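So this block is start_8.tsv, TSV, C-alpha atoms:
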chain	number	residue	atom	x	y	z
R	1	MET	CA	-18.15	-43.53	-48.62
R	2	LEU	CA	-18.29	-39.76	-48.30
R	3	SER	CA	-16.73	-37.65	-50.99
R	4	VAL	CA	-13.99	-35.11	-50.22
R	5	SER	CA	-16.44	-32.26	-50.74
R	6	SER	CA	-18.92	-33.86	-48.31
R	7	VAL	CA	-16.24	-34.23	-45.62
R	8	PHE	CA	-15.17	-30.60	-46.08
R	9	PHE	CA	-18.81	-29.47	-45.75
R	10	LEU	CA	-19.27	-31.44	-42.53
R	11	LEU	CA	-16.07	-30.01	-41.04
R	12	CYS	CA	-17.17	-26.45	-41.85
R	13	LEU	CA	-20.60	-27.10	-40.36
R	14	SER	CA	-19.04	-28.51	-37.18
R	15	ALA	CA	-16.78	-25.47	-36.78
R	16	SER	CA	-19.72	-23.12	-37.29
R	17	VAL	CA	-21.78	-24.86	-34.59
R	18	ALA	CA	-18.81	-24.81	-32.19
R	19	ASN	CA	-18.34	-21.07	-32.70
R	20	GLN	CA	-22.00	-20.38	-32.04
R	21	GLY	CA	-21.78	-22.25	-28.75
R	22	ASP	CA	-18.58	-20.48	-27.65
R	23	THR	CA	-19.45	-18.14	-24.79
R	24	SER	CA	-15.89	-17.05	-23.96
R	25	GLU	CA	-15.36	-13.30	-23.80
R	26	PRO	CA	-13.56	-11.54	-26.65
R	27	SER	CA	-10.01	-10.45	-26.01
R	28	THR	CA	-9.81	-6.85	-24.81
R	29	THR	CA	-6.10	-6.79	-24.08
R	30	ASP	CA	-2.88	-6.78	-26.00
R	31	SER	CA	-0.50	-9.75	-25.92
R	32	SER	CA	0.75	-10.57	-22.44
R	33	PRO	CA	3.15	-13.02	-20.75
R	34	ASP	CA	0.28	-15.17	-19.50
R	35	VAL	CA	-3.00	-14.92	-21.39
R	36	HIS	CA	-4.41	-17.77	-19.32
R	37	ILE	CA	-4.86	-15.60	-16.20
R	38	ARG	CA	-5.20	-12.19	-17.82
R	39	GLN	CA	-8.76	-10.84	-17.77
R	40	ASN	CA	-10.00	-7.26	-18.11
R	41	TYR	CA	-6.43	-5.98	-17.70
R	42	ARG	CA	-5.74	-3.65	-20.57
R	43	LYS	CA	-2.30	-2.76	-21.86
R	44	SER	CA	-2.78	0.87	-20.86
R	45	SER	CA	-3.36	-0.24	-17.25
R	46	GLU	CA	-0.27	-2.43	-17.35
R	47	ASN	CA	1.83	0.46	-18.67
R	48	ALA	CA	0.45	2.84	-16.05
R	49	VAL	CA	1.26	0.38	-13.26
R	50	ASN	CA	4.79	0.06	-14.65
R	51	LYS	CA	5.12	3.83	-14.65
R	52	GLN	CA	4.02	3.91	-11.02
R	53	ILE	CA	6.60	1.26	-10.14
R	54	VAL	CA	9.30	3.50	-11.60
R	55	TYR	CA	8.05	6.44	-9.50
R	56	GLU	CA	8.21	4.31	-6.37
R	57	LEU	CA	11.73	3.10	-7.17
R	58	GLN	CA	12.85	6.66	-7.84
R	59	ALA	CA	11.45	7.71	-4.45
R	60	PHE	CA	13.22	4.76	-2.83
R	61	HIS	CA	16.60	5.88	-4.18
R	62	MET	CA	15.91	9.53	-3.41
R	63	TYR	CA	14.98	8.87	0.23
R	64	ARG	CA	17.94	6.53	0.63
R	65	ALA	CA	20.30	9.24	-0.60
R	66	MET	CA	18.66	11.74	1.78
R	67	ALA	CA	18.99	9.33	4.71
R	68	TYR	CA	22.71	8.87	4.23
R	69	TYR	CA	23.24	12.57	3.72
R	70	PHE	CA	21.85	13.23	7.21
R	71	GLY	CA	23.91	10.34	8.57
R	72	ARG	CA	27.17	11.91	7.44
R	73	SER	CA	29.63	12.90	10.18
R	74	ASP	CA	29.56	16.54	9.10
R	75	VAL	CA	25.73	16.63	9.32
R	76	ALA	CA	24.99	14.16	12.13
R	77	LEU	CA	21.20	14.47	12.30
R	78	HIS	CA	20.50	10.83	13.03
R	79	GLY	CA	16.77	11.28	13.59
R	80	PHE	CA	16.41	12.58	10.04
R	81	HIS	CA	18.62	9.70	8.88
R	82	LYS	CA	16.27	7.16	10.47
R	83	PHE	CA	13.17	8.95	9.20
R	84	PHE	CA	14.26	9.03	5.56
R	85	LYS	CA	15.67	5.49	5.68
R	86	LYS	CA	12.28	4.26	6.91
R	87	ALA	CA	10.59	6.26	4.15
R	88	SER	CA	12.96	4.67	1.63
R	89	ASN	CA	12.06	1.17	2.80
R	90	GLU	CA	8.36	1.98	2.50
R	91	GLU	CA	8.78	3.12	-1.11
R	92	LEU	CA	10.58	-0.12	-1.95
R	93	GLU	CA	7.68	-2.05	-0.38
R	94	HIS	CA	5.28	-0.09	-2.59
R	95	ALA	CA	7.28	-1.00	-5.70
R	96	ASP	CA	7.34	-4.67	-4.67
R	97	LYS	CA	3.59	-4.61	-4.07
R	98	LEU	CA	2.96	-3.20	-7.54
R	99	MET	CA	5.28	-5.71	-9.19
R	100	ASP	CA	3.46	-8.54	-7.40
R	101	TYR	CA	0.21	-7.09	-8.71
R	102	GLN	CA	1.53	-7.13	-12.28
R	103	ASN	CA	2.26	-10.84	-11.95
R	104	LYS	CA	-1.17	-11.57	-10.50
R	105	ARG	CA	-2.93	-9.85	-13.39
R	106	GLY	CA	-0.79	-11.40	-16.13
R	107	GLY	CA	1.32	-8.31	-16.80
R	108	SER	CA	5.08	-7.83	-16.52
R	109	PHE	CA	7.55	-5.23	-15.34
R	110	GLN	CA	10.62	-4.49	-17.44
R	111	TYR	CA	13.61	-3.22	-15.47
R	112	GLU	CA	15.17	-1.54	-18.48
R	113	ASN	CA	12.38	1.06	-18.22
R	114	SER	CA	13.26	1.96	-14.64
R	115	CYS	CA	16.19	4.32	-15.11
R	116	ILE	CA	16.89	6.17	-11.87
R	117	ASN	CA	18.24	9.70	-12.15
R	118	LEU	CA	19.05	11.38	-8.86
R	119	THR	CA	19.62	15.10	-9.18
R	120	LYS	CA	22.28	16.86	-7.16
R	121	LYS	CA	19.41	18.65	-5.43
R	122	SER	CA	18.23	15.41	-3.83
R	123	GLN	CA	21.68	14.70	-2.36
R	124	GLN	CA	22.68	18.03	-0.84
R	125	TRP	CA	20.68	20.28	1.49
R	126	ASN	CA	21.13	23.67	3.11
R	127	ASN	CA	19.01	22.63	6.09
R	128	ALA	CA	16.49	20.03	7.25
R	129	THR	CA	13.53	22.24	6.36
R	130	GLU	CA	14.58	22.28	2.72
R	131	ALA	CA	14.84	18.48	2.69
R	132	MET	CA	11.38	18.05	4.25
R	133	GLU	CA	9.85	20.45	1.73
R	134	PHE	CA	11.45	18.46	-1.10
R	135	ALA	CA	10.06	15.20	0.35
R	136	LEU	CA	6.61	16.76	0.64
R	137	GLN	CA	6.61	17.71	-3.03
R	138	GLU	CA	7.76	14.19	-3.95
R	139	GLU	CA	4.88	12.63	-2.02
R	140	ARG	CA	2.42	14.98	-3.69
R	141	ARG	CA	3.81	13.97	-7.09
R	142	ILE	CA	3.45	10.28	-6.29
R	143	ASN	CA	-0.06	10.84	-4.97
R	144	LEU	CA	-1.09	12.63	-8.17
R	145	ALA	CA	0.26	9.73	-10.24
R	146	LEU	CA	-1.76	7.28	-8.12
R	147	LEU	CA	-4.90	9.35	-8.57
R	148	ASN	CA	-4.36	9.35	-12.33
R	149	LEU	CA	-3.82	5.59	-12.28
R	150	ARG	CA	-7.00	5.08	-10.29
R	151	GLN	CA	-8.95	7.28	-12.73
R	152	LEU	CA	-7.59	5.33	-15.70
R	153	ALA	CA	-8.56	2.02	-14.13
R	154	ASP	CA	-12.05	3.15	-13.17
R	155	GLU	CA	-13.29	5.56	-15.81
R	156	GLU	CA	-11.45	4.47	-18.96
R	157	ASN	CA	-10.69	0.77	-18.53
R	158	HIS	CA	-13.56	-0.19	-16.20
R	159	ASP	CA	-11.27	-2.35	-14.06
R	160	PRO	CA	-12.82	-2.57	-10.56
R	161	HIS	CA	-10.04	-4.78	-9.21
R	162	LEU	CA	-7.24	-2.35	-10.07
R	163	THR	CA	-9.37	0.55	-8.84
R	164	SER	CA	-9.95	-1.16	-5.49
R	165	PHE	CA	-6.29	-2.15	-5.20
R	166	ILE	CA	-5.05	1.42	-5.61
R	167	GLU	CA	-7.68	2.81	-3.24
R	168	SER	CA	-7.13	0.27	-0.47
R	169	GLU	CA	-3.36	-0.16	-0.64
R	170	PHE	CA	-2.03	3.30	-1.50
R	171	LEU	CA	-4.28	6.35	-1.37
R	172	THR	CA	-4.90	6.53	2.38
R	173	GLU	CA	-1.22	6.02	3.13
R	174	GLN	CA	-0.29	8.80	0.70
R	175	VAL	CA	-2.70	11.23	2.34
R	176	ASP	CA	-1.24	10.35	5.76
R	177	SER	CA	2.32	10.87	4.48
R	178	ILE	CA	1.49	14.25	2.99
R	179	LYS	CA	-0.10	15.36	6.26
R	180	GLN	CA	2.88	14.13	8.28
R	181	LEU	CA	5.46	15.84	6.08
R	182	GLY	CA	3.40	19.04	5.99
R	183	ASP	CA	3.35	19.08	9.79
R	184	TYR	CA	7.13	18.60	9.97
R	185	VAL	CA	7.69	21.42	7.49
R	186	ARG	CA	5.49	23.74	9.53
R	187	THR	CA	7.25	22.76	12.79
R	188	LEU	CA	10.73	23.22	11.34
R	189	LYS	CA	9.84	26.65	9.99
R	190	ARG	CA	8.45	27.59	13.39
R	191	VAL	CA	11.43	26.45	15.49
R	192	GLY	CA	14.15	27.43	13.01
R	193	SER	CA	17.61	25.93	12.59
R	194	GLY	CA	20.11	25.24	15.33
R	195	LEU	CA	18.52	24.10	18.59
R	196	GLY	CA	15.04	23.85	17.03
R	197	GLU	CA	16.30	21.55	14.29
R	198	TYR	CA	18.10	19.45	16.90
R	199	LEU	CA	14.91	19.00	18.94
R	200	VAL	CA	12.96	17.91	15.85
R	201	ASP	CA	15.80	15.49	15.07
R	202	ARG	CA	15.43	13.91	18.52
R	203	GLN	CA	11.67	13.64	17.99
R	204	LEU	CA	12.19	11.87	14.67
R	205	ALA	CA	14.67	9.48	16.26
R	206	GLU	CA	12.07	8.45	18.83
R	207	GLU	CA	9.24	8.12	16.31
R	208	SER	CA	11.34	6.10	13.84
R	209	LYS	CA	12.24	3.34	16.32

Do you think you could lay out the structure here as structure tokens?
Amino acid sequence: MLSVSSVFFLLCLSASVANQGDTSEPSTTDSSPDVHIRQNYRKSSENAVNKQIVYELQAFHMYRAMAYYFGRSDVALHGFHKFFKKASNEELEHADKLMDYQNKRGGSFQYENSCINLTKKSQQWNNATEAMEFALQEERRINLALLNLRQLADEENHDPHLTSFIESEFLTEQVDSIKQLGDYVRTLKRVGSGLGEYLVDRQLAEESK
């Protein structure tokens, strides 16, 4: 019969051999809701994606407020209403896409971090040109945040999947949006308020169908 010390020695030896044969990768992430699927998804990436979700939700609420400003009876620019309502829906789709991504990578989004603060500026406008210029700056801000997120994923965290996801799902669309809004700003400045603004409103109504 083996002594207690002999059994202890054999158990230690068995554990040592098992550890030497373990080829699993070391953990490179903080604790997460599902460590079983999480791989090469660092906490800094998860936090940055959450920050981007908040930006998208803020844009959703901002564009929604802008849409219903232009739909008011004392403003009655229904083309601008449709344009900004469509933009609002697109921002919500972006937020949903990012939240789905968090779940796929083993991260999580906490709603308590998504406080939405709409300034008075984003709910009242002197003219349509001013609103379009504000929207253009918002899209540039979101695009910069996406570029920073992509840089974090690629250069700091070496996460090719997140890098590819941001590039394929967001960056091209942001560039297109910035170009579109820039064109509308230029057109509105060229035609002026009054009849010119009305004609642009009709154009937006047709394009937003």

task = Could you give me, as a ChimeraX atom specification, the residues within 10 Å of His158 of chain R, counting all atoms listed in the file and dropping anything in the same chain fewer than 5 positions from it?
result = /R:40-42,151-153,163

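The coordinates place atom CA of Gln174 of chain R at 13.8 Å from atom CA of Leu149 of chain R.
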
query = Which residue gives the smallest distance to Lys179 of chain R among R:Gln58, R:Gln137, R:Asn157, R:Gln39, with only C-alpha atoms counted?
reply =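 Smallest distance to Lys179 of chain R is found for R:Gln137.
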
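Using all atoms listed in the file, the nearest neighbour of Gln102 of chain R within the list R:His78, R:Arg202, R:Lys43, R:Lys189 is R:Lys43.
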
note = Taken to one decimal, the atom CA of Arg105 of chain R-atom CA of Ile37 of chain R distance is 6.7 Å
